[in-house]
Amino acid sequence: MESSKSSQFSPTAAGGPPFLELRGIHKRFAGVHALRGVSTSIEAGQIYHLMGENGCGKSTLIKIISGAQPADEGSILIGGKEVTALSPIGALSAGIETVYQDLSLLPNLSVAENISLTQQLVESGGKLARRIDRARLISTAVKALEAVNLPADPRFWSLAIEELPIATRQLVAIARAIATDAKLVIMDEPTSALTKREIDNLISVVGRLRANGVAVLFVTHKLDESKSIGGQFIIMRDGQKVMEGDIKDHSKSELSYWMTGRQLDVARYRRAERGADNLLTVNGLSRSQAFSNVSFSLAHGEILGVTGLLDSGRNELARALAGITPADGGTLMINGEAVALRRPIDAINAGIGYVPEDRLSEGLFLEKPIRTNIVVEILDRIKNRWGAIDETRSRNLSKDIAADLQIVAANLDNPVQSLSGGNQQRVLIGRGLMIKPKLFVLHGPTVGVDVGSKDTIFRIIQKLAADGMGVIIVSDDLPELLQNCDRIMVMSKGTIAKVFDAEHVDEDTLYHALVTDEPSRTLS
Amino acid sequence: MSDFTWGNSTSEGAAWPKRIVAWLVRHPPAFTLILIVLVSVIVGAISPEFWQISNIFDMARASVVTGMFGLGFLMILAAGGIDMSFTAIAALVMYWITTAVAAYMPSMPMPLILLMAAAGGTLLGVCNGLLVHYLRAPALIVTIGTQYVIRGFLLTFIGTELFVNVPTSIESFGKYELWQVETDSGSIAVLPAYVLVLVVAAIVTWWILNRTLMGRAIFAIGGNSSIAERLGYDLRKVHVFIFAYAGLLAGVAGMLHVSSNRLANPFDLSGSELGVIAAVVLGGARITGGSGTVIGTILGVILVTLVNNVLILAGIPSSWQTFVVGCFIILAGTVFASRERT
């Protein structure tokens with residue numbers, strides 16, 4: 001570990017050894033060969049996109065680089081010197097900073113502490129019986145906050161992380177990387193919870209890091225985004241590196257072919273025609289401080305996209321349709337009948353299926369079996385005459401839906417957390433379908449889902465609509481909306497700003513509609 | 001351009017009662033202080049004896065042991081754990097050391113006795129910490145277990161009899177006066193010097209929690225232990241430290257208890273755990289861990305002591321004390337819980 005520490009002071013001149021080199025890394029978990037001889041290198045000041053489907057081994061690779069898990073075979077070289085065992089503290093002192101999807105921020109500590117405590121912990125070598133240098137804690141935090149466009153103001157840095165919106169937390173996590181003088185910043189799907197405007201800000205911050213000679217490694221599913229950022233790509237499949245190169249030299253379909261090993265459709269999925277009469281009529285729907293006077297209608301078999309910035313009210317509208325945070329004004333009619341959605345059960349009874357945005361915290365009972373997760377909304381229907389759950393029916397129903405939705409699971413009695421992201425998402429869709437909904441509200445249906453699973457989910461959505469179900473997709477993934485919807489409704493400041501015909505609009509126009517009318521509360 | 005937007009509904013243009021509630025939610029100890037002032041004003045209005053100096057000294061004296069327990073409990077709660085064994089540790093340490101000193105070295109000076117109590121408490125605490133860490137079991141369950149083990153050990157092997165021949169050094173330590181005031185009625189009110197032990201413990205606890213890496217590591221683990229571990233905080237060090245520290249305070253608290261009562265009863269202190277937990281929670285610490293302040297804990301202890309000691313002055317039967325404390329806990333729980341919901 002000592003040797004790795006000294007290496008960060010040796011200049012990495014052009015032609016010298018790369019900042020980080022991996023040679024023949026193998027990793028096995030109880031019978032699963034997760035990494036099969038991965039070799040690659042990371043140069044200072046470059047941007048990398050580590051891509052691959054869920055389960056391809058990219059998360060394991062990140063964990064090895066960040067010292068969270070040891071490799072079984074192979075060697076890791078930092079600045080040309082071999083490091084035998086990399087511990088979390090060892091990786092940090094070598095200048096490798098990982099921003100995991102959960103951002104690794106401590107919710108109850110202040111912004112300043114989250115940014116600069118690591119620096120003092122690393123310097124003490126993990127020893128805790130040390131005084132904190134408060135003045136330095138703050139000066140380091142202030143410098144790092146300025147570098148990521150956040151206010152370097154005591155009113156801000158004394159806030160606890162849990163009081164901040166998710167996009168701001170993302171930037172705080174990057175500020176921490178800057179504060180520890182990182183040489184390599186790894187970001188695990190950094191943009192999955194961000195809106196496009198926030199992503200743009202993130203990208204400009206990344207550009208600045210890179211200009212200072214910091215290497216940035218994105219772990220990502222989003223081809224469009226990676227292409228617009230540019231840089232090197234590393235594609236993994238089945239625990240092996242299958243391809244690497246400059247991302248601008250290859251087309252999206254080439255990249256997704258390497259990721260999935262099969263040819264995918266990148267064209268519009270939507271082909272069916274929508275039905276005639278109205279399924280859903282929403283009139284003047286409002287919820288204080290979220291959205292107001294929202295009116296629209298949806299035909300049978302129609303797919304409506306809803307998008308907007310994080311504070312546009314789109315999320316609140318989706319949750320209101322699911323009865324989670326009910327509307328406090330306006331009316332809602334399904335097939336001409338007024339329904340009041342005060343609780344989630346009201347929405348279920350009215351035939352509204354809902355797939356929540358965050359499947360981990362809002363959707364799934366992670367430790368419970370897959371089939372329990374699937375039937376949890378219809379327990380009333382599958383009880384036997386003693387009021388107990390009929391296990392055979394539960395098993396058969398889940399087996400059918402798993403086959404319909406192509407959920408790949410060894411056994412439906414396994415906990416749902418054993419599945420990959422795409423399969424977990426399909427379990428949630430399956431649960432929504434169990435209530436035989438007339439209207440299906442999908443909130444971010446493909447967040448954190450790989451390209452192959454996305455394709456399957458889109459096909460499912462199209463089939464549901466073709467069978468006459470009304471579908472509402474609430475999402476900030478614009479290509480997804482363009483590929484799937486009939487109409488796209490853009491929300492801004494809690495109202496409907498514009499409605500587009502999805503077939504005759506391009507992404508730029510849509511994006512422009514999204515970001516105009518910026519909220520005016522933004523600081524300088 | 002900054003990507004952070006200031007202000008939400010609570011800070012701008014909201015009506016003042018709403019703003020005050022919002023401020024209180026962010027500063028829980030202030031809420032505790034308000035309750036203390038409220039109780040004092042009401043009881044003082046009903047019964048002017050409340051403001052007598054002797055009464056105030058009595059409460060200070062009564063706060064010491066609960067306060068020591070509370071500080072130890074705060075340390076563990078801040079890291080997300082719950083300790084149920086501190087009263088058992090205190091009881092074992094106080095009874096064992098008192099009887100042993102009386103039997104073998106009756107002239108042992110008090111500082112040495114306190115040091116022994118501290119060491120004994122620390123040792124038991126370290127056992128707690130190691131068990132919690134290596135069993136990977138909830139601290140609540142582990143410490144309920146050690147509470148029974150320690151109490152069982154005490155009553156089986158050390159003794160069950162009330163011990164009154166307390167060594168003179170322990171007895172005189174409890175009588176040592178910090179401040180003496182002659183009251184109007186001619187009697188003398190005494191503030192014992194051992195309240196200073198609580199003051200010192202509070203300052204040291206505050207310093208550890210706020211000025212050392214260990215303190216921040218404790219809160220880090222209380223916030224999210226798996227993230228803290230990933231960031232390089234050593235969970236084992238923290239687990240051992242917090243339980244050792246709570247054990248130390250409990251051991252010293254046990255000796256102070258003997259000093260002030262001038263007798264050692266092995267059945268004492270047992271059952272006072274919930275009162276201590278109530279005090280810490282009334283001081284604004286979340287029961288789920290990751291928060292809490294020393295000042296809040298001290299205020300919580302004062303509030304509980306106040307209710308336990310003065311309601312009788314206001315003519316309220318003592319059986320109502322628990323009722324009132326219960327209402328305060330529910331009230332505090334409601335106010336503090338709203339901070340998670342906003």
# chains A, B, ... in the order shown; residues from 1 in each chain; ligands from 1
$ residues_around --residues "B:Gly315" --least-positions-apart "6" --cutoff "12 Å" --atoms "only C-alpha atoms" --output "list of chain:residue names"
B:Ile42, B:Val43, B:Gly44, B:Ala45, B:Ile46, B:Ser47, B:Glu49, B:Phe50, B:Asn309, B:Gln321
$ residues_around --residues "stretch 187-189 of chain B" --least-positions-apart "2" --cutoff "9 Å" --atoms "only C-alpha atoms" --output "list in words"
Ile53, Ser54, Asn55, Phe57, Asp58, Trp179, Gln180, Val181, Glu182, Thr183, Asp184, Ser185 and Leu191 of chain B
$ write_last_selection --atoms "N, CA and C atoms" --output "mmCIF file, in the first residue's frame"
data_model
loop_
_atom_site.group_PDB
_atom_site.id
_atom_site.type_symbol
_atom_site.label_atom_id
_atom_site.label_comp_id
_atom_site.auth_asym_id
_atom_site.auth_seq_id
_atom_site.Cartn_x
_atom_site.Cartn_y
_atom_site.Cartn_z
ATOM 1 N N ILE B 53 -33.592 27.026 46.306
ATOM 2 C CA ILE B 53 -32.292 26.535 45.869
ATOM 3 C C ILE B 53 -32.090 25.068 46.251
ATOM 4 N N SER B 54 -32.639 24.660 47.389
ATOM 5 C CA SER B 54 -32.444 23.273 47.824
ATOM 6 C C SER B 54 -33.111 22.316 46.830
ATOM 7 N N ASN B 55 -34.240 22.739 46.318
ATOM 8 C CA ASN B 55 -34.931 21.905 45.343
ATOM 9 C C ASN B 55 -34.123 21.760 44.062
ATOM 10 N N PHE B 57 -30.858 22.114 43.791
ATOM 11 C CA PHE B 57 -29.706 21.268 44.086
ATOM 12 C C PHE B 57 -30.100 19.794 44.086
ATOM 13 N N ASP B 58 -31.284 19.501 44.649
ATOM 14 C CA ASP B 58 -31.756 18.112 44.673
ATOM 15 C C ASP B 58 -31.862 17.544 43.277
ATOM 16 N N TRP B 179 -20.853 23.526 46.822
ATOM 17 C CA TRP B 179 -21.457 24.815 47.099
ATOM 18 C C TRP B 179 -22.458 24.620 48.221
ATOM 19 N N GLN B 180 -22.472 25.569 49.151
ATOM 20 C CA GLN B 180 -23.359 25.455 50.299
ATOM 21 C C GLN B 180 -24.134 26.756 50.427
ATOM 22 N N VAL B 181 -25.425 26.683 50.546
ATOM 23 C CA VAL B 181 -26.242 27.894 50.630
ATOM 24 C C VAL B 181 -27.179 27.759 51.821
ATOM 25 N N GLU B 182 -27.264 28.822 52.593
ATOM 26 C CA GLU B 182 -28.223 28.807 53.703
ATOM 27 C C GLU B 182 -29.556 29.322 53.196
ATOM 28 N N THR B 183 -30.585 28.543 53.388
ATOM 29 C CA THR B 183 -31.890 28.957 52.862
ATOM 30 C C THR B 183 -32.594 29.845 53.852
ATOM 31 N N ASP B 184 -33.725 30.467 53.420
ATOM 32 C CA ASP B 184 -34.494 31.391 54.261
ATOM 33 C C ASP B 184 -34.952 30.712 55.537
ATOM 34 N N SER B 185 -35.318 29.447 55.408
ATOM 35 C CA SER B 185 -35.855 28.736 56.562
ATOM 36 C C SER B 185 -34.758 28.325 57.541
ATOM 37 N N LEU B 191 -24.850 21.524 47.301
ATOM 38 C CA LEU B 191 -24.648 20.963 45.966
ATOM 39 C C LEU B 191 -23.413 20.071 46.028
#
$ residues_around --residues "B:Leu274" --least-positions-apart "3" --cutoff "12 Å" --atoms "only C-alpha atoms" --output "MDAnalysis selection string"
chainID B and resid 66 69:70 73 82:87 269:271 277:282 304 322 325:326 329
$ closest_residue --among "A:Ile235, A:Val376, A:Cys485, A:Val205" --to "chain B" --atoms "only C-alpha atoms"
A:Val205
$ residues_around --residues "A:Gly353" --least-positions-apart "4" --cutoff "10 Å" --atoms "only C-alpha atoms" --output "ChimeraX atom specification"
/A:321-322,344,347-349,377,429-442,471
$ select_by_dssp --residues "stretch 122-267 of chain B" --states "helix (DSSP H, G or I)" --output "VMD selection string"
chain B and resid 122 to 135 139 to 158 168 to 175 195 to 211 213 to 223 225 to 230 235 to 261
$ interface_residues --of "chain A" --to "chain B" --cutoff "9 Å" --atoms "only C-alpha atoms" --output "PyMOL selection string"
chain A and resi 68+87-89+92+102-109+113+117-118+120-122+126-134+148-151+156+163-165+167-168+171+198+201+289+521-524
$ residues_around --residues "stretch 92-101 of chain B" --least-positions-apart "2" --cutoff "9 Å" --atoms "only C-alpha atoms" --output "JSON list (two decimals) with N, CA and C atoms, in the first residue's frame"
[["chain", "number", "residue", "atom", "x", "y", "z"],
["B", 87, "THR", "N", -27.28, -0.56, 32.95],
["B", 87, "THR", "CA", -27.64, -0.58, 34.37],
["B", 87, "THR", "C", -27.06, -1.82, 35.04],
["B", 88, "ALA", "N", -27.04, -2.91, 34.30],
["B", 88, "ALA", "CA", -26.48, -4.13, 34.87],
["B", 88, "ALA", "C", -24.98, -3.97, 35.08],
["B", 89, "ILE", "N", -24.30, -3.34, 34.13],
["B", 89, "ILE", "CA", -22.86, -3.08, 34.29],
["B", 89, "ILE", "C", -22.63, -2.23, 35.53],
["B", 90, "ALA", "N", -23.42, -1.16, 35.66],
["B", 90, "ALA", "CA", -23.26, -0.26, 36.80],
["B", 90, "ALA", "C", -23.50, -1.00, 38.11],
["B", 103, "ALA", "N", -13.98, -5.19, 52.16],
["B", 103, "ALA", "CA", -13.45, -6.41, 52.74],
["B", 103, "ALA", "C", -11.92, -6.44, 52.77],
["B", 104, "TYR", "N", -11.30, -5.96, 51.69],
["B", 104, "TYR", "CA", -9.85, -6.15, 51.59],
["B", 104, "TYR", "C", -9.02, -4.89, 51.79],
["B", 105, "MET", "N", -9.52, -3.75, 51.33],
["B", 105, "MET", "CA", -8.72, -2.52, 51.40],
["B", 105, "MET", "C", -9.57, -1.33, 51.80],
["B", 106, "PRO", "N", -10.11, -1.33, 53.00],
["B", 106, "PRO", "CA", -11.09, -0.30, 53.37],
["B", 106, "PRO", "C", -10.55, 1.12, 53.26],
["B", 107, "SER", "N", -9.22, 1.27, 53.23],
["B", 107, "SER", "CA", -8.68, 2.64, 53.20],
["B", 107, "SER", "C", -8.31, 3.11, 51.81],
["B", 108, "MET", "N", -8.71, 2.32, 50.79],
["B", 108, "MET", "CA", -8.35, 2.71, 49.41],
["B", 108, "MET", "C", -8.92, 4.10, 49.07],
["B", 113, "ILE", "N", -10.55, 4.02, 43.44],
["B", 113, "ILE", "CA", -11.80, 3.25, 43.33],
["B", 113, "ILE", "C", -12.54, 3.61, 42.04],
["B", 116, "MET", "N", -10.88, 1.98, 39.18],
["B", 116, "MET", "CA", -11.24, 0.56, 39.09],
["B", 116, "MET", "C", -12.63, 0.40, 38.48],
["B", 117, "ALA", "N", -13.56, 1.26, 38.93],
["B", 117, "ALA", "CA", -14.94, 1.18, 38.39],
["B", 117, "ALA", "C", -14.92, 1.45, 36.89],
["B", 118, "ALA", "N", -14.14, 2.46, 36.50],
["B", 118, "ALA", "CA", -14.05, 2.79, 35.08],
["B", 118, "ALA", "C", -13.48, 1.62, 34.29],
["B", 120, "GLY", "N", -13.43, -1.58, 35.15],
["B", 120, "GLY", "CA", -14.37, -2.71, 35.14],
["B", 120, "GLY", "C", -15.48, -2.49, 34.14],
["B", 121, "GLY", "N", -16.05, -1.28, 34.14],
["B", 121, "GLY", "CA", -17.12, -0.96, 33.18],
["B", 121, "GLY", "C", -16.62, -1.06, 31.76],
["B", 150, "ILE", "N", -25.03, -10.51, 33.14],
["B", 150, "ILE", "CA", -24.31, -9.75, 34.17],
["B", 150, "ILE", "C", -25.12, -9.73, 35.47],
["B", 151, "ARG", "N", -26.41, -9.46, 35.37],
["B", 151, "ARG", "CA", -27.24, -9.41, 36.56],
["B", 151, "ARG", "C", -27.30, -10.78, 37.25],
["B", 153, "PHE", "N", -25.03, -13.09, 37.10],
["B", 153, "PHE", "CA", -23.72, -13.31, 37.71],
["B", 153, "PHE", "C", -23.64, -12.59, 39.05],
["B", 154, "LEU", "N", -24.09, -11.32, 39.05],
["B", 154, "LEU", "CA", -24.04, -10.51, 40.26],
["B", 154, "LEU", "C", -24.82, -11.17, 41.39],
["B", 155, "LEU", "N", -26.06, -11.56, 41.11],
["B", 155, "LEU", "CA", -26.93, -12.07, 42.17],
["B", 155, "LEU", "C", -26.55, -13.49, 42.58],
["B", 158, "ILE", "N", -21.94, -12.83, 43.53],
["B", 158, "ILE", "CA", -21.39, -11.73, 44.33],
["B", 158, "ILE", "C", -22.24, -11.49, 45.58],
["B", 159, "GLY", "N", -23.54, -11.46, 45.41],
["B", 159, "GLY", "CA", -24.36, -11.28, 46.61],
["B", 159, "GLY", "C", -25.70, -10.67, 46.31],
["B", 163, "PHE", "N", -25.85, -3.79, 51.23],
["B", 163, "PHE", "CA", -24.56, -3.60, 51.89],
["B", 163, "PHE", "C", -24.48, -2.16, 52.39],
["B", 165, "ASN", "N", -22.13, -1.05, 55.03],
["B", 165, "ASN", "CA", -20.84, -0.62, 55.60],
["B", 165, "ASN", "C", -19.92, -0.10, 54.49],
["B", 166, "VAL", "N", -20.40, 0.91, 53.80],
["B", 166, "VAL", "CA", -19.65, 1.47, 52.68],
["B", 166, "VAL", "C", -18.34, 2.08, 53.18],
["B", 167, "PRO", "N", -17.20, 1.78, 52.53],
["B", 167, "PRO", "CA", -15.92, 2.35, 52.95],
["B", 167, "PRO", "C", -15.99, 3.86, 53.08],
["B", 170, "ILE", "N", -15.52, 6.26, 49.98],
["B", 170, "ILE", "CA", -16.66, 6.36, 49.07],
["B", 170, "ILE", "C", -17.73, 7.26, 49.69],
["B", 250, "ALA", "N", -20.91, 3.89, 32.68],
["B", 250, "ALA", "CA", -21.82, 3.14, 33.55],
["B", 250, "ALA", "C", -21.10, 2.73, 34.82],
["B", 251, "GLY", "N", -19.84, 2.28, 34.70],
["B", 251, "GLY", "CA", -19.08, 1.88, 35.88],
["B", 251, "GLY", "C", -18.92, 3.05, 36.85],
["B", 252, "VAL", "N", -18.53, 4.22, 36.31],
["B", 252, "VAL", "CA", -18.36, 5.40, 37.16],
["B", 252, "VAL", "C", -19.70, 5.81, 37.77],
["B", 253, "ALA", "N", -20.76, 5.75, 36.94],
["B", 253, "ALA", "CA", -22.10, 6.11, 37.43],
["B", 253, "ALA", "C", -22.49, 5.21, 38.60],
["B", 254, "GLY", "N", -22.15, 3.93, 38.50],
["B", 254, "GLY", "CA", -22.47, 3.01, 39.59],
["B", 254, "GLY", "C", -21.81, 3.44, 40.89],
["B", 255, "MET", "N", -20.53, 3.82, 40.83],
["B", 255, "MET", "CA", -19.84, 4.26, 42.05],
["B", 255, "MET", "C", -20.45, 5.54, 42.60],
["B", 256, "LEU", "N", -20.83, 6.47, 41.71],
["B", 256, "LEU", "CA", -21.45, 7.72, 42.16],
["B", 256, "LEU", "C", -22.76, 7.42, 42.88],
["B", 257, "HIS", "N", -23.47, 6.41, 42.37],
["B", 257, "HIS", "CA", -24.73, 6.00, 42.98],
["B", 257, "HIS", "C", -24.50, 5.55, 44.42],
["B", 258, "VAL", "N", -23.44, 4.75, 44.62],
["B", 258, "VAL", "CA", -23.12, 4.29, 45.99],
["B", 258, "VAL", "C", -22.74, 5.48, 46.85],
["B", 263, "LEU", "N", -24.98, 3.45, 50.43],
["B", 263, "LEU", "CA", -25.22, 2.02, 50.57],
["B", 263, "LEU", "C", -25.17, 1.39, 49.18],
["B", 264, "ALA", "N", -24.93, 0.09, 49.11],
["B", 264, "ALA", "CA", -24.88, -0.60, 47.81],
["B", 264, "ALA", "C", -25.94, -1.69, 47.81],
["B", 265, "ASN", "N", -26.92, -1.51, 46.94],
["B", 265, "ASN", "CA", -28.00, -2.49, 46.83],
["B", 265, "ASN", "C", -27.91, -3.15, 45.47],
["B", 266, "PRO", "N", -27.68, -4.45, 45.42],
["B", 266, "PRO", "CA", -27.51, -5.11, 44.10],
["B", 266, "PRO", "C", -28.76, -5.03, 43.24]]
$ residues_around --residues "A:Ile229" --least-positions-apart "6" --cutoff "12 Å" --atoms "only C-alpha atoms" --output "list in words"
Gln46, Ile47, Tyr48, His49, Ile199, Asp200, Asn201, Leu202, Ile203, Ser204, Val205, Val206, Gly207, Arg210, Val216, Leu217, Phe218, Thr220, Lys222, Leu223, Asp246, Ile247 and Lys248 of chain A
$ atom_distance --atom1 "atom CA of A:Leu379" --atom2 "atom CA of A:Val416"
18.0 Å
$ closest_residue --among "B:Met110, B:Leu331, B:Leu74, B:Val41" --to "B:Glu171" --atoms "only C-alpha atoms"
B:Met110
$ residues_around --residues "A:Leu145" --least-positions-apart "6" --cutoff "8 Å" --atoms "only C-alpha atoms" --output "list in words"
Pro151, Ala152, Val172 and Ala175 of chain A
$ atom_distance --atom1 "atom CA of B:Cys327" --atom2 "atom CA of B:Leu313"
19.3 Å
$ atom_distance --atom1 "atom CA of B:Pro28" --atom2 "atom CA of B:Trp320"
25.0 Å
$ select_by_dssp --residues "stretch 206-394 of chain A" --states "strand (DSSP E or B)" --output "ChimeraX atom specification"
/A:215-220,232-237,240-246,278-287,291-299,303-308,329-334,337-338,352-355,369,383,389
$ decode --residues "stretch 33-55 of chain A" --atoms "N, CA and C atoms" --output "PDB file, in the first residue's frame"
ATOM      1  N   HIS A  33     -18.289 -17.886 -12.454  1.00  0.00           N
ATOM      2  CA  HIS A  33     -17.037 -17.295 -12.915  1.00  0.00           C
ATOM      3  C   HIS A  33     -17.353 -15.897 -13.426  1.00  0.00           C
ATOM      4  N   ALA A  34     -17.311 -14.909 -12.528  1.00  0.00           N
ATOM      5  CA  ALA A  34     -17.818 -13.573 -12.861  1.00  0.00           C
ATOM      6  C   ALA A  34     -16.879 -12.816 -13.794  1.00  0.00           C
ATOM      7  N   LEU A  35     -15.582 -12.963 -13.600  1.00  0.00           N
ATOM      8  CA  LEU A  35     -14.623 -12.315 -14.501  1.00  0.00           C
ATOM      9  C   LEU A  35     -13.671 -13.382 -15.023  1.00  0.00           C
ATOM     10  N   ARG A  36     -13.509 -13.415 -16.355  1.00  0.00           N
ATOM     11  CA  ARG A  36     -12.652 -14.443 -16.950  1.00  0.00           C
ATOM     12  C   ARG A  36     -11.501 -13.790 -17.676  1.00  0.00           C
ATOM     13  N   GLY A  37     -10.513 -13.373 -16.906  1.00  0.00           N
ATOM     14  CA  GLY A  37      -9.304 -12.854 -17.527  1.00  0.00           C
ATOM     15  C   GLY A  37      -9.488 -11.509 -18.203  1.00  0.00           C
ATOM     16  N   VAL A  38      -9.836 -10.492 -17.435  1.00  0.00           N
ATOM     17  CA  VAL A  38     -10.024  -9.166 -18.020  1.00  0.00           C
ATOM     18  C   VAL A  38      -8.712  -8.382 -17.934  1.00  0.00           C
ATOM     19  N   SER A  39      -8.285  -7.832 -19.054  1.00  0.00           N
ATOM     20  CA  SER A  39      -7.108  -6.970 -19.078  1.00  0.00           C
ATOM     21  C   SER A  39      -7.488  -5.666 -19.758  1.00  0.00           C
ATOM     22  N   THR A  40      -7.126  -4.556 -19.123  1.00  0.00           N
ATOM     23  CA  THR A  40      -7.362  -3.276 -19.766  1.00  0.00           C
ATOM     24  C   THR A  40      -6.522  -2.234 -19.052  1.00  0.00           C
ATOM     25  N   SER A  41      -6.467  -1.019 -19.604  1.00  0.00           N
ATOM     26  CA  SER A  41      -5.699   0.006 -18.912  1.00  0.00           C
ATOM     27  C   SER A  41      -6.410   1.342 -18.994  1.00  0.00           C
ATOM     28  N   ILE A  42      -6.131   2.179 -18.030  1.00  0.00           N
ATOM     29  CA  ILE A  42      -6.762   3.494 -17.900  1.00  0.00           C
ATOM     30  C   ILE A  42      -5.659   4.539 -17.918  1.00  0.00           C
ATOM     31  N   GLU A  43      -5.745   5.476 -18.861  1.00  0.00           N
ATOM     32  CA  GLU A  43      -4.749   6.544 -18.961  1.00  0.00           C
ATOM     33  C   GLU A  43      -5.262   7.798 -18.269  1.00  0.00           C
ATOM     34  N   ALA A  44      -4.360   8.575 -17.704  1.00  0.00           N
ATOM     35  CA  ALA A  44      -4.746   9.832 -17.063  1.00  0.00           C
ATOM     36  C   ALA A  44      -5.429  10.753 -18.072  1.00  0.00           C
ATOM     37  N   GLY A  45      -6.401  11.512 -17.613  1.00  0.00           N
ATOM     38  CA  GLY A  45      -7.038  12.527 -18.437  1.00  0.00           C
ATOM     39  C   GLY A  45      -7.915  12.007 -19.551  1.00  0.00           C
ATOM     40  N   GLN A  46      -8.299  10.743 -19.476  1.00  0.00           N
ATOM     41  CA  GLN A  46      -9.177  10.180 -20.513  1.00  0.00           C
ATOM     42  C   GLN A  46     -10.548   9.855 -19.922  1.00  0.00           C
ATOM     43  N   ILE A  47     -11.533   9.795 -20.811  1.00  0.00           N
ATOM     44  CA  ILE A  47     -12.869   9.394 -20.368  1.00  0.00           C
ATOM     45  C   ILE A  47     -13.148   7.997 -20.909  1.00  0.00           C
ATOM     46  N   TYR A  48     -13.649   7.126 -20.035  1.00  0.00           N
ATOM     47  CA  TYR A  48     -13.950   5.750 -20.431  1.00  0.00           C
ATOM     48  C   TYR A  48     -15.405   5.447 -20.143  1.00  0.00           C
ATOM     49  N   HIS A  49     -15.994   4.630 -21.000  1.00  0.00           N
ATOM     50  CA  HIS A  49     -17.359   4.149 -20.754  1.00  0.00           C
ATOM     51  C   HIS A  49     -17.295   2.634 -20.650  1.00  0.00           C
ATOM     52  N   LEU A  50     -17.559   2.124 -19.476  1.00  0.00           N
ATOM     53  CA  LEU A  50     -17.567   0.683 -19.290  1.00  0.00           C
ATOM     54  C   LEU A  50     -18.999   0.228 -19.505  1.00  0.00           C
ATOM     55  N   MET A  51     -19.228  -0.534 -20.582  1.00  0.00           N
ATOM     56  CA  MET A  51     -20.598  -0.877 -20.948  1.00  0.00           C
ATOM     57  C   MET A  51     -20.797  -2.378 -20.975  1.00  0.00           C
ATOM     58  N   GLY A  52     -22.035  -2.761 -20.812  1.00  0.00           N
ATOM     59  CA  GLY A  52     -22.363  -4.171 -20.864  1.00  0.00           C
ATOM     60  C   GLY A  52     -23.717  -4.381 -20.209  1.00  0.00           C
ATOM     61  N   GLU A  53     -24.330  -5.529 -20.488  1.00  0.00           N
ATOM     62  CA  GLU A  53     -25.634  -5.807 -19.912  1.00  0.00           C
ATOM     63  C   GLU A  53     -25.475  -6.126 -18.426  1.00  0.00           C
ATOM     64  N   ASN A  54     -26.621  -6.130 -17.719  1.00  0.00           N
ATOM     65  CA  ASN A  54     -26.572  -6.520 -16.311  1.00  0.00           C
ATOM     66  C   ASN A  54     -26.008  -7.925 -16.203  1.00  0.00           C
ATOM     67  N   GLY A  55     -25.134  -8.118 -15.239  1.00  0.00           N
ATOM     68  CA  GLY A  55     -24.583  -9.454 -15.025  1.00  0.00           C
ATOM     69  C   GLY A  55     -23.385  -9.764 -15.908  1.00  0.00           C
TER      70      GLY A  55
END
